[in-house]
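**Student:** So I've got this file, start34.txt, and it contains compact mmCIF, C-alpha atoms and all ligand atoms:
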# COMPACT_ATOMS: atom_id res chain seq x y z
CA MET A 571 0.00 0.00 0.00
CA ARG A 572 3.10 2.13 0.29
CA ILE A 573 3.00 2.62 -3.47
CA PHE A 574 -0.19 4.69 -3.27
CA GLN A 575 1.44 7.02 -0.71
CA ASP A 576 4.40 7.44 -3.07
CA MET A 577 2.03 8.08 -5.95
CA GLY A 578 0.14 10.68 -3.93
CA ARG A 579 3.33 12.58 -2.99
CA LEU A 580 4.58 12.52 -6.60
CA LEU A 581 1.21 13.76 -7.88
CA GLN A 582 1.21 16.61 -5.34
CA GLU A 583 4.72 17.62 -6.38
CA ARG A 584 4.16 17.52 -10.14
CA TRP A 585 0.73 19.13 -10.09
CA LEU A 586 2.03 22.01 -7.95
CA LYS A 587 4.75 22.56 -10.57
CA ALA A 588 1.94 22.81 -13.15
CA GLN A 589 0.17 25.47 -10.98
CA HIS A 590 -2.63 22.99 -10.22
CA SER A 591 -3.88 23.32 -13.77
CA GLU A 592 -6.85 21.01 -14.40
CA GLU A 593 -5.86 20.85 -18.06
CA ALA A 594 -2.46 19.43 -17.10
CA PHE A 595 -3.71 16.93 -14.52
CA PRO A 596 -4.84 14.04 -16.78
CA ASP A 597 -1.36 13.87 -18.35
CA ILE A 598 0.35 14.07 -14.96
CA ALA A 599 -1.94 11.35 -13.56
CA ALA A 600 -1.34 9.04 -16.54
CA GLU A 601 2.42 9.64 -16.34
CA VAL A 602 2.57 8.81 -12.62
CA LEU A 603 0.49 5.66 -13.15
CA ARG A 604 2.82 4.60 -15.95
CA GLU A 605 5.99 5.29 -13.94
CA LEU A 606 4.95 3.68 -10.66
CA ALA A 607 2.93 0.91 -12.35
CA PRO A 608 0.78 -0.11 -9.35
CA HIS A 609 -0.66 -3.02 -11.39
CA GLN A 610 2.65 -4.87 -11.33
CA ALA A 611 2.73 -5.89 -7.68
CA PHE A 612 -1.00 -5.60 -7.04
CA GLN A 613 -2.50 -8.35 -4.88
CA THR A 614 -6.27 -8.65 -4.73
CA LEU A 615 -6.72 -8.67 -0.95
CA GLU A 616 -3.86 -6.44 0.15
CA PRO A 617 -6.03 -3.29 0.23
CA LEU A 618 -8.54 -5.11 2.47
CA GLU A 619 -5.75 -6.18 4.83
CA TRP A 620 -4.69 -2.54 4.99
CA LEU A 621 -8.31 -1.39 5.53
CA TYR A 622 -8.81 -3.76 8.47
CA GLY A 623 -5.53 -2.83 10.14
CA THR A 624 -4.88 0.85 9.47
CA ARG A 625 -5.02 3.58 12.11
CA ASP A 626 -4.29 6.20 9.49
CA PHE A 627 -7.39 6.05 7.29
CA PRO A 628 -7.54 8.78 4.62
CA LYS A 629 -10.66 10.89 4.10
CA GLN A 630 -13.00 8.90 1.85
CA LEU A 631 -14.61 10.28 -1.29
CA THR A 632 -17.87 8.75 -0.18
CA THR A 633 -19.01 6.48 2.62
CA ARG A 634 -22.19 5.42 0.82
CA PRO A 635 -22.22 2.17 -1.11
CA GLY A 636 -22.78 2.73 -4.81
CA PHE A 637 -20.07 3.06 -7.42
CA GLY A 638 -17.55 0.23 -6.80
CA GLN A 639 -17.95 -3.06 -4.91
CA PRO A 640 -16.43 -1.55 -2.79
CA ALA A 641 -14.65 1.72 -3.56
CA LEU A 642 -11.69 2.59 -1.30
CA THR A 643 -9.88 5.92 -1.13
CA VAL A 644 -6.25 5.02 -0.45
CA PHE A 645 -4.81 8.55 -0.59
CA SER A 646 -6.42 11.97 -0.40
CA ASP A 647 -5.64 15.59 0.27
CA SER A 648 -7.77 18.69 -0.26
CA ARG A 649 -7.23 18.71 -4.03
CA LEU A 650 -6.71 15.17 -5.31
CA LEU A 651 -7.28 11.56 -4.41
CA ILE A 652 -6.46 7.99 -5.37
CA ASP A 653 -9.33 5.49 -5.36
CA LEU A 654 -9.44 1.73 -5.86
CA TYR A 655 -12.61 0.23 -7.32
CA TYR A 656 -13.45 -3.45 -7.08
CA TRP A 657 -16.03 -4.86 -9.50
CA VAL A 658 -17.73 -8.22 -9.22
CA ASP A 659 -20.78 -7.75 -11.40
CA GLY A 660 -20.65 -4.02 -11.93
CA THR A 661 -21.55 -2.47 -15.22
CA THR A 662 -21.26 1.29 -15.22
CA ASP A 663 -23.84 3.52 -16.80
CA ILE A 664 -22.60 5.55 -19.72
CA HIS A 665 -21.31 8.58 -17.86
CA GLN A 666 -19.13 11.68 -17.88
CA HIS A 667 -17.08 13.06 -15.00
CA GLY A 668 -17.22 16.09 -12.74
CA PHE A 669 -13.46 15.79 -12.29
CA CYS A 670 -10.38 14.89 -14.34
CA GLY A 671 -7.47 12.47 -14.00
CA ALA A 672 -6.66 8.97 -15.24
CA PHE A 673 -7.31 5.35 -14.37
CA GLN A 674 -5.40 2.09 -14.70
CA VAL A 675 -6.63 -1.50 -14.75
CA LEU A 676 -4.91 -3.23 -11.80
CA GLN A 677 -6.54 -6.62 -12.23
CA GLY A 678 -8.91 -8.30 -14.70
CA SER A 679 -10.12 -6.74 -17.92
CA SER A 680 -13.06 -4.77 -19.23
CA ILE A 681 -14.93 -3.81 -22.36
CA HIS A 682 -14.67 -0.07 -22.71
CA GLY A 683 -17.23 1.94 -24.69
CA HIS A 684 -16.32 5.48 -25.72
CA TYR A 685 -19.12 7.87 -26.79
CA ARG A 686 -19.87 11.33 -28.11
CA TRP A 687 -23.01 13.26 -27.19
CA HIS A 688 -24.80 15.46 -29.72
CA GLU A 689 -27.06 17.69 -27.68
CA ARG A 690 -30.26 18.95 -29.27
CA ASN A 691 -32.25 20.30 -26.36
CA LYS A 692 -30.92 21.27 -22.95
CA VAL A 693 -34.04 21.33 -20.78
CA ASN A 694 -32.28 22.53 -17.61
CA SER A 695 -28.95 21.95 -15.85
CA ARG A 696 -29.96 18.38 -14.95
CA VAL A 697 -31.52 17.00 -18.10
CA ALA A 698 -30.95 17.22 -21.86
CA PHE A 699 -32.04 15.39 -25.00
CA GLY A 700 -29.81 14.54 -27.95
CA ASP A 701 -28.17 11.59 -29.66
CA MET A 702 -25.49 9.23 -28.39
CA GLU A 703 -22.81 8.25 -30.88
CA LEU A 704 -20.67 5.20 -30.14
CA LEU A 705 -17.09 6.10 -31.12
CA SER A 706 -15.33 2.87 -30.21
CA VAL A 707 -15.52 -0.33 -28.21
CA THR A 708 -12.17 -1.72 -27.07
CA GLY A 709 -10.77 -4.14 -24.54
CA LEU A 710 -8.92 -2.77 -21.51
CA PHE A 711 -6.37 -5.10 -19.96
CA LYS A 712 -4.20 -5.17 -16.84
CA GLY A 713 -1.85 -2.17 -16.94
CA ASP A 714 -3.87 -0.18 -19.52
CA ILE A 715 -4.32 3.51 -18.72
CA GLN A 716 -7.05 5.92 -19.84
CA ARG A 717 -7.11 9.68 -19.32
CA ILE A 718 -10.27 11.16 -17.84
CA LEU A 719 -11.19 14.61 -19.16
CA GLY A 720 -13.92 16.55 -17.35
CA GLY A 721 -17.43 17.07 -18.72
CA ASP A 722 -18.62 15.74 -22.08
CA ARG A 723 -15.09 15.49 -23.50
CA TYR A 724 -14.82 11.96 -22.11
CA ILE A 725 -18.01 9.87 -22.00
CA HIS A 726 -17.56 6.17 -21.37
CA SER A 727 -18.91 2.92 -19.96
CA LEU A 728 -17.20 -0.18 -18.62
CA PHE A 729 -18.26 -3.80 -18.57
CA HIS A 730 -15.99 -5.88 -16.38
CA LEU A 731 -15.15 -9.38 -17.59
CA GLU A 732 -13.27 -10.96 -14.68
CA ARG A 733 -14.48 -11.24 -11.11
CA PRO A 734 -13.11 -9.18 -9.57
CA SER A 735 -11.77 -6.53 -11.87
CA VAL A 736 -9.96 -3.73 -10.04
CA THR A 737 -9.20 -0.22 -11.27
CA CYS A 738 -7.11 2.57 -9.73
CA VAL A 739 -8.47 6.08 -10.34
CA VAL A 740 -6.25 9.12 -9.82
CA ARG A 741 -8.42 12.22 -9.84
CA THR A 742 -9.00 15.81 -8.83
CA LEU A 743 -11.68 16.43 -6.24
CA HIS A 744 -13.62 18.65 -8.65
CA SER A 745 -13.13 20.22 -12.02
CA PRO A 746 -14.68 23.60 -12.85
CA GLU A 747 -15.96 22.57 -16.28
CA GLY A 748 -17.33 19.32 -14.89
CA GLY A 749 -20.69 20.61 -13.67
CA TYR A 750 -23.26 17.93 -12.95
CA GLN A 751 -21.94 14.44 -13.63
CA TYR A 752 -24.40 13.27 -16.25
CA SER A 753 -25.40 9.71 -16.89
CA TYR A 754 -26.61 8.85 -20.37
CA LYS A 755 -29.36 6.55 -21.54
CA LYS A 756 -29.22 5.41 -25.14
CA PRO A 757 -30.33 6.72 -27.52
CA HIS A 758 -31.54 10.19 -26.43
CA LEU A 759 -31.18 11.14 -22.77
CA ALA A 760 -28.56 12.84 -20.57
CA TYR A 761 -29.47 13.44 -16.93
CA TYR A 762 -28.09 13.92 -13.47
CA PRO A 763 -29.00 10.72 -11.60
CA GLY A 764 -28.57 12.04 -8.05
CA VAL A 765 -31.88 12.92 -6.43
CA GLU A 766 -31.22 15.90 -4.17
CA ASP A 767 -34.68 17.25 -3.49
CA ALA A 768 -36.70 15.70 -0.69
CA HIS A 769 -40.01 15.72 -2.59
CA THR A 770 -38.73 13.62 -5.53
CA SER A 771 -36.95 11.30 -3.15
CA LYS A 772 -40.13 10.61 -1.17
CA VAL A 773 -42.20 10.28 -4.37
CA LEU A 774 -39.83 7.58 -5.64
CA GLN A 775 -39.84 5.75 -2.32
CA SER A 776 -43.65 5.78 -2.21
CA LEU A 777 -43.84 3.87 -5.52
CA SER A 778 -42.55 0.74 -3.75
CA LEU A 779 -45.52 0.91 -1.39
CA LEU A 780 -47.97 1.16 -4.30
CA ALA A 781 -46.25 -1.76 -6.04
CA GLU A 782 -46.49 -3.81 -2.89
CA LEU A 783 -50.13 -3.04 -1.99
CA LYS A 784 -51.50 -2.71 -5.55
CA PRO A 785 -54.44 -0.51 -4.52
CA PRO A 786 -57.05 0.10 -7.28
CA GLU A 787 -56.30 3.85 -7.10
CA ARG A 788 -52.63 3.44 -8.07
CA THR A 789 -53.05 4.20 -11.81
CA ARG A 790 -55.01 7.36 -11.01
CA LEU A 791 -52.49 8.43 -8.37
CA ILE A 792 -49.44 7.90 -10.59
CA SER A 793 -51.17 9.56 -13.58
CA GLY A 794 -51.88 12.64 -11.44
CA LEU A 795 -48.27 12.66 -10.27
CA ILE A 796 -46.92 12.58 -13.84
CA GLU A 797 -49.30 15.34 -14.89
CA ARG A 798 -47.84 17.63 -12.22
CA SER A 799 -44.15 16.63 -12.64
CA ASP A 800 -41.38 17.95 -14.84
CA ILE A 801 -39.82 15.68 -17.49
CA LEU A 802 -36.90 14.58 -15.30
CA THR A 803 -39.23 13.51 -12.48
CA CYS A 804 -41.39 11.74 -15.08
CA PHE A 805 -38.29 9.85 -16.26
CA LEU A 806 -37.29 8.93 -12.69
CA VAL A 807 -40.83 7.73 -11.89
CA PHE A 808 -40.91 5.59 -15.06
CA GLU A 809 -37.44 4.21 -14.27
CA ARG A 810 -38.56 3.29 -10.76
CA LEU A 811 -41.71 1.60 -12.12
CA LEU A 812 -39.55 -0.51 -14.45
CA GLN A 813 -37.20 -1.44 -11.60
CA LEU A 814 -40.18 -2.53 -9.53
CA HIS A 815 -42.22 -4.34 -12.19
CA LYS A 816 -39.40 -5.46 -14.55
CA LYS A 817 -41.49 -5.13 -17.71
CA LEU A 818 -42.04 -2.39 -20.26
CA GLU A 819 -45.81 -2.85 -20.09
CA ALA A 820 -45.75 -1.35 -16.58
CA LEU A 821 -45.53 2.05 -18.30
CA ASP A 822 -48.46 1.49 -20.69
CA PRO A 823 -51.12 3.23 -18.54
CA TYR A 824 -49.00 6.38 -18.28
CA TRP A 825 -47.70 7.24 -21.77
CA ASP A 826 -50.83 9.21 -22.77
CA VAL A 827 -50.67 11.44 -19.75
CA ALA A 828 -46.88 11.86 -20.14
CA VAL A 829 -47.28 12.94 -23.78
CA ARG A 830 -50.13 15.30 -22.82
CA ALA A 831 -47.96 16.90 -20.13
CA HIS A 832 -44.58 16.90 -21.89
CA GLY A 833 -45.29 16.53 -25.64
CA GLY A 834 -42.25 15.60 -27.76
CA LEU A 835 -40.00 15.21 -24.72
CA ALA A 836 -42.09 12.27 -23.51
CA GLU A 837 -42.00 10.74 -27.02
CA GLU A 838 -38.19 10.81 -26.83
CA LEU A 839 -38.38 8.66 -23.70
CA ARG A 840 -40.08 5.73 -25.51
CA PRO A 841 -36.93 4.42 -27.26
CA VAL A 842 -34.93 5.23 -24.12
CA PHE A 843 -37.05 2.84 -22.03
CA LYS A 844 -37.12 0.18 -24.74
CA GLU A 845 -33.30 0.12 -24.69
CA TYR A 846 -33.32 0.44 -20.90
CA MET A 847 -35.26 -2.81 -20.56
CA ARG A 848 -33.02 -4.61 -23.05
CA GLN A 849 -29.94 -3.58 -21.08
CA ALA A 850 -31.55 -4.42 -17.73
CA LEU A 851 -32.29 -7.91 -19.02
CA LEU A 852 -28.69 -8.41 -20.21
CA ILE A 853 -27.23 -7.08 -16.97
CA ASP A 854 -29.57 -9.30 -14.98
CA ARG A 855 -28.58 -12.38 -17.04
CA ARG A 856 -24.92 -11.51 -16.67
CA GLY A 857 -25.17 -12.36 -12.98
CA GLN A 858 -25.76 -16.03 -13.96
CA VAL A 859 -23.04 -16.14 -16.60
CA LYS A 860 -19.56 -16.93 -15.27
CA ASP A 861 -17.52 -18.08 -18.26
CA PRO A 862 -15.25 -15.17 -19.37
CA GLU A 863 -15.96 -15.79 -23.10
CA HIS A 864 -19.70 -15.76 -22.46
CA ARG A 865 -19.38 -12.59 -20.38
CA TYR A 866 -17.43 -11.05 -23.25
CA PHE A 867 -20.26 -11.94 -25.63
CA LEU A 868 -22.84 -10.33 -23.31
CA ALA A 869 -20.64 -7.22 -23.09
CA LEU A 870 -20.73 -6.97 -26.88
CA LEU A 871 -24.53 -7.36 -26.97
CA LEU A 872 -24.79 -4.65 -24.33
CA ASN A 873 -22.41 -2.15 -25.86
CA VAL A 874 -22.20 -2.62 -29.60
CA GLU A 875 -25.11 -1.66 -31.80
CA ARG A 876 -24.40 -3.37 -35.14
CA GLY A 877 -23.66 -6.93 -36.18
CA GLU A 878 -20.68 -6.21 -38.41
CA HIS A 879 -18.94 -4.36 -35.54
CA ILE A 880 -19.60 -7.25 -33.17
CA GLN A 881 -18.04 -9.66 -35.68
CA GLN A 882 -15.04 -7.33 -36.16
CA LEU A 883 -14.40 -7.24 -32.41
CA VAL A 884 -14.70 -11.03 -32.10
CA ARG A 885 -12.21 -11.38 -34.98
CA GLN A 886 -9.77 -9.00 -33.25
CA ARG A 887 -9.91 -10.87 -29.95
CA PHE A 888 -9.89 -14.38 -31.42
CA PRO A 889 -7.93 -13.95 -34.69
CA ASP A 890 -7.62 -17.72 -35.28
CA ARG A 891 -11.37 -18.37 -35.10
CA ASP A 892 -14.24 -17.81 -37.51
CA PRO A 893 -16.36 -15.12 -35.81
CA VAL A 894 -19.73 -16.53 -36.93
CA GLU A 895 -18.82 -20.03 -35.71
CA LEU A 896 -17.56 -18.67 -32.41
CA ILE A 897 -20.73 -16.60 -31.90
CA MET A 898 -22.78 -19.72 -32.71
CA LYS A 899 -20.80 -21.69 -30.12
CA TRP A 900 -21.63 -19.07 -27.49
CA VAL A 901 -25.28 -18.79 -28.53
CA THR A 902 -25.66 -22.58 -28.48
CA ALA A 903 -24.16 -22.84 -24.99
CA LEU A 904 -26.11 -19.90 -23.62
CA THR A 905 -29.47 -21.06 -24.96
CA GLN A 906 -29.30 -24.73 -23.97
CA PRO A 907 -32.12 -25.66 -21.64
CA VAL A 908 -30.90 -26.09 -18.06
CA GLU A 909 -31.00 -29.77 -17.18
CA ALA A 910 -33.51 -30.67 -14.52
CA GLY A 911 -31.56 -31.28 -11.33
CA GLY A 912 -28.35 -30.67 -13.25
CA ARG A 913 -25.63 -28.33 -12.15
CA ALA A 914 -26.13 -24.64 -12.72
CA ARG A 915 -24.59 -23.46 -15.93
CA ASP A 916 -24.49 -20.35 -18.05
CA SER A 917 -27.94 -19.68 -19.40
CA LEU A 918 -29.83 -16.78 -20.91
CA GLY A 919 -33.11 -18.54 -20.25
CA VAL A 920 -34.07 -18.45 -23.96
CA PRO A 921 -33.96 -22.02 -25.28
CA LEU A 922 -33.36 -22.32 -29.04
CA ASP A 923 -33.86 -25.69 -30.76
CA GLU A 924 -31.76 -27.14 -33.59
CA SER A 925 -33.75 -25.52 -36.41
CA ALA A 926 -33.74 -22.12 -34.66
CA LEU A 927 -29.94 -22.34 -34.35
CA ILE A 928 -29.65 -23.11 -38.09
CA VAL A 929 -31.76 -20.03 -38.87
CA PHE A 930 -29.65 -18.00 -36.41
CA ARG A 931 -26.41 -18.92 -38.22
CA GLU A 932 -27.86 -18.01 -41.64
CA LEU A 933 -29.01 -14.63 -40.31
CA LEU A 934 -25.51 -13.95 -38.97
CA HIS A 935 -24.33 -14.45 -42.55
CA SER A 936 -27.03 -11.94 -43.69
CA ARG A 937 -28.75 -14.62 -45.77
CA GLY A 938 -32.34 -14.28 -47.00
CA HIS A 939 -35.37 -16.57 -46.74
CA ALA A 940 -34.55 -18.77 -49.76
CA GLU A 941 -31.08 -19.53 -48.41
CA VAL A 942 -32.44 -20.22 -44.93
CA MET A 943 -34.94 -22.69 -46.44
CA ALA A 944 -32.20 -24.40 -48.49
CA ARG A 945 -30.02 -24.82 -45.41
CA LEU A 946 -32.87 -26.29 -43.35
CA LYS A 947 -33.58 -28.81 -46.11
CA GLU A 948 -30.05 -30.16 -45.62
CA SER A 949 -31.03 -31.26 -42.09
CA PHE A 950 -34.78 -31.89 -42.35
CA ASP A 951 -37.30 -33.38 -44.76
CA ASP A 952 -37.85 -31.08 -47.79
CA ALA A 953 -41.66 -31.25 -47.77
CA GLU A 954 -41.77 -30.64 -44.02
CA VAL A 955 -39.55 -27.54 -44.32
CA GLU A 956 -41.58 -26.26 -47.28
CA GLY A 957 -44.81 -26.71 -45.34
CA GLN A 958 -43.45 -24.53 -42.52
CA SER A 959 -42.18 -21.71 -44.72
CA ASP A 960 -44.34 -19.05 -43.04
CA ASP A 961 -43.39 -20.21 -39.55
CA ILE A 962 -39.70 -20.11 -40.52
CA ALA A 963 -40.05 -16.55 -41.83
CA ALA A 964 -41.76 -15.60 -38.56
CA LEU A 965 -38.98 -17.26 -36.56
CA ALA A 966 -36.33 -15.29 -38.51
CA ALA A 967 -38.23 -12.05 -37.88
CA SER A 968 -38.53 -12.77 -34.16
CA LEU A 969 -34.80 -13.54 -33.88
CA ARG A 970 -33.97 -10.26 -35.66
CA GLU A 971 -36.19 -8.39 -33.20
CA SER A 972 -35.27 -10.43 -30.13
CA THR A 973 -34.48 -8.33 -27.10
CA LEU A 974 -31.17 -10.03 -26.42
CA PHE A 975 -29.80 -10.70 -29.86
CA GLN A 976 -31.03 -7.86 -32.09
CA PRO A 977 -27.64 -6.03 -32.34
CA LEU A 978 -26.18 -9.13 -34.04
CA PHE A 979 -28.58 -8.74 -36.94
CA ARG A 980 -28.64 -4.94 -37.25
CA ARG A 981 -26.75 -3.71 -40.31
FE FE B 1 -15.79 6.82 -15.39
Once you've parsed the file, please lay out its structure as structure tokens.
**Tutor:**
Amino acid sequence: MRIFQDMGRLLQERWLKAQHSEEAFPDIAAEVLRELAPHQAFQTLEPLEWLYGTRDFPKQLTTRPGFGQPALTVFSDSRLLIDLYYWVDGTTDIHQHGFCGAFQVLQGSSIHGHYRWHERNKVNSRVAFGDMELLSVTGLFKGDIQRILGGDRYIHSLFHLERPSVTCVVRTLHSPEGGYQYSYKKPHLAYYPGVEDAHTSKVLQSLSLLAELKPPERTRLISGLIERSDILTCFLVFERLLQLHKKLEALDPYWDVAVRAHGGLAEELRPVFKEYMRQALLIDRRGQVKDPEHRYFLALLLNVERGEHIQQLVRQRFPDRDPVELIMKWVTALTQPVEAGGRARDSLGVPLDESALIVFRELLHSRGHAEVMARLKESFDDAEVEGQSDDIAALAASLRESTLFQPLFRR
């Protein structure tokens, strides 16, 4: 743990020489991480041993659980700090930063998404509408360093592959251009996720009571609430309803009133919640998936929007393998029915039979209906396949639209 003290002292020294310039800090932070290389001697449990034994505990960035599983501040002064973040199942929201600095992967690896935000409509300081553009998806490995620039100059998300993955963040306490630390929801929303006002906080808490008791008045009560709320509160209420009920249909009774109250802004939330549910499902399934290759595949489904990009990334990571065959291997394993009484194994809970897997492979190759039919006839009776032509077309359409797999088939 000595290394983080040395890092802290070196950062203090070099940043002072740069007149505490926030513009200079990301380079200084990256340089110090590179020079002292804390990943080299890092041992998973050493920070916990230090935590349990220290009498010299630095001021923590936060004492609330939340970001990190856990997060530990290992060095801090009044201007900068060094944090360690453990991740077991954590997937970060797409977010920007109200500070600047750099981070290094100490252990494990992650899929890193880098985004640009094109703002169309800033509603107030806490919420804006626009379009998210995915700039790149790359792997981050032990020792890799990324600079963190404040505000919307660096928008990213991380999906951690190993359990645990550990990152070291070197950062300023604040950064003047940082402002509110926005989270982003694909495809159209930027918002500040912290609820600071007591009224909204109590409103959100009360929704759990309504979900629990299911009184007949609940639709009327929630409709009235949405009618009298601003668009950010409307979003937070809808988000809470989805967390409680875990299905998109939970919002059906409230869209009319939301559109009446907020017009086009409410319409922009429809695709946001559709994607929100897709991601929630993938993140939920990820908890049951332990194999690193399968977790990698889920990370791609979560982060990458088009099939050709997914195949490119698979080719980069596994250059000796055919990407379609490798994806089929993962899909086959992840969609096998769980054996009754058998041991738990990776499962997405969406069983696909042999013919569905054949159709799946043809769709990955962007093949049309005639080719799908021809391929099925190689494995099944011609007349039988011909007789089910409409069902096969419907199966192909449902795979293309399937919540989990749709990015694979999007061109
Ligand atoms: Fe971040």
**Student:** So how many Å separate CA of Glu941 (chain A) and CA of Arg970 (chain A), to one decimal?
**Tutor:**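 The value is 16.0 Å.
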**Student:** Grab the CA of Arg848 (chain A) to CA of Leu872 (chain A) distance for me, in Å with one decimal place.
**Tutor:** 8.3 Å
**Student:** Could I get the residue neighbourhood of ligand FE 1 (chain B) at 10 Å, counting all atoms listed in the file, as a list in words?
**Tutor:**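 Sorted by chain and then by number, the residues are Phe637, Thr662, Asp663, Ile664, His665, Gln666, His667, Gly668, Phe669, Cys670, Ala672, Phe673, Gln716, Arg717, Ile718, Leu719, Tyr724, Ile725, His726, Ser727, Leu728, Val739 and Gln751 of chain A.
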**Student:** Hey, what's within 12 Å of Thr902 (chain A) if we count all atoms listed in the file and toss same-chain stuff fewer than 3 positions away? As a list of chain:residue names, please?
**Tutor:**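 So, after excluding close chain neighbours, the residues are A:His864, A:Val894, A:Glu895, A:Leu896, A:Ile897, A:Met898, A:Lys899, A:Thr905, A:Gln906, A:Pro907, A:Asp916, A:Ser917, A:Leu918, A:Gly919, A:Val920, A:Pro921, A:Leu922, A:Asp923, A:Glu924, A:Ser925, A:Ala926, A:Leu927, A:Ile928, A:Phe930, A:Arg931.
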**Student:** Skipping near chain neighbours, those fewer than 4 positions away, what residues fall within 12 Å of Gln813 (chain A) using all atoms listed in the file, listed as a PyMOL selection string?
**Tutor:** chain A and resi 774+777-778+781+806-809+817-818+820-821+843+846-847+850-851+854
**Student:** I want to know what sits within 10 Å of region 603-613 of chain A, based on all atoms listed in the file, with residues of the same chain fewer than 4 positions away left out; could you give that as a ChimeraX atom specification?
**Tutor:** /A:571,573-574,576-577,580-581,597-599,617,672-677,712-715,736-740
**Student:** Please measure the separation of CA of Glu601 (chain A) and CA of Asp653 (chain A), giving the value in Å to one decimal.
**Tutor:**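 About the pair CA of Glu601 (chain A) and CA of Asp653 (chain A): they are 16.6 Å apart.
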**Student:** Of the candidates A:Ser735, A:Thr803, A:Asn873, A:Thr973, which shows the shortest atom-to-atom distance to His682 (chain A), using all atoms listed in the file?
**Tutor:**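 Of the candidates, the smallest distance to His682 (chain A) is held by A:Asn873.
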**Student:** In terms of the shortest atom-to-atom distance over only C-alpha atoms, which of A:Ala588, A:Leu969, A:Val658, A:Ala641 is closest to Pro734 (chain A)?
**Tutor:** A:Val658
**Student:** So which residues touch Glu863 (chain A) within 9 Å, counting all atoms listed in the file, skipping near sequence neighbours fewer than 5 positions away, as a list in words?
**Tutor:**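 Selected residues are Leu731, Leu868 and Trp900 of chain A.
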**Student:** Here is a test: counting all atoms listed in the file, which residue of A:His939, A:His758, A:Arg810, A:Lys947 is nearest to Val697 (chain A)?
**Tutor:**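 When distances to Val697 (chain A) are compared using all atoms listed in the file, the smallest one comes from A:His758.
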**Student:** Do a neighbour search on Leu978 (chain A) at 8 Å with only C-alpha atoms, toss out local chain neighbours closer than 4 positions, and write the hits as an MDAnalysis selection string.
**Tutor:** chainID A and resid 871 875:878 880 934
**Student:** Using all atoms listed in the file, find the one residue out of A:Gly678, A:Pro757, A:Gly638, A:Gly683 that sits nearest to Met702 (chain A).
**Tutor:**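 Nearest candidate to Met702 (chain A) out of A:Gly678, A:Pro757, A:Gly638, A:Gly683: A:Pro757.
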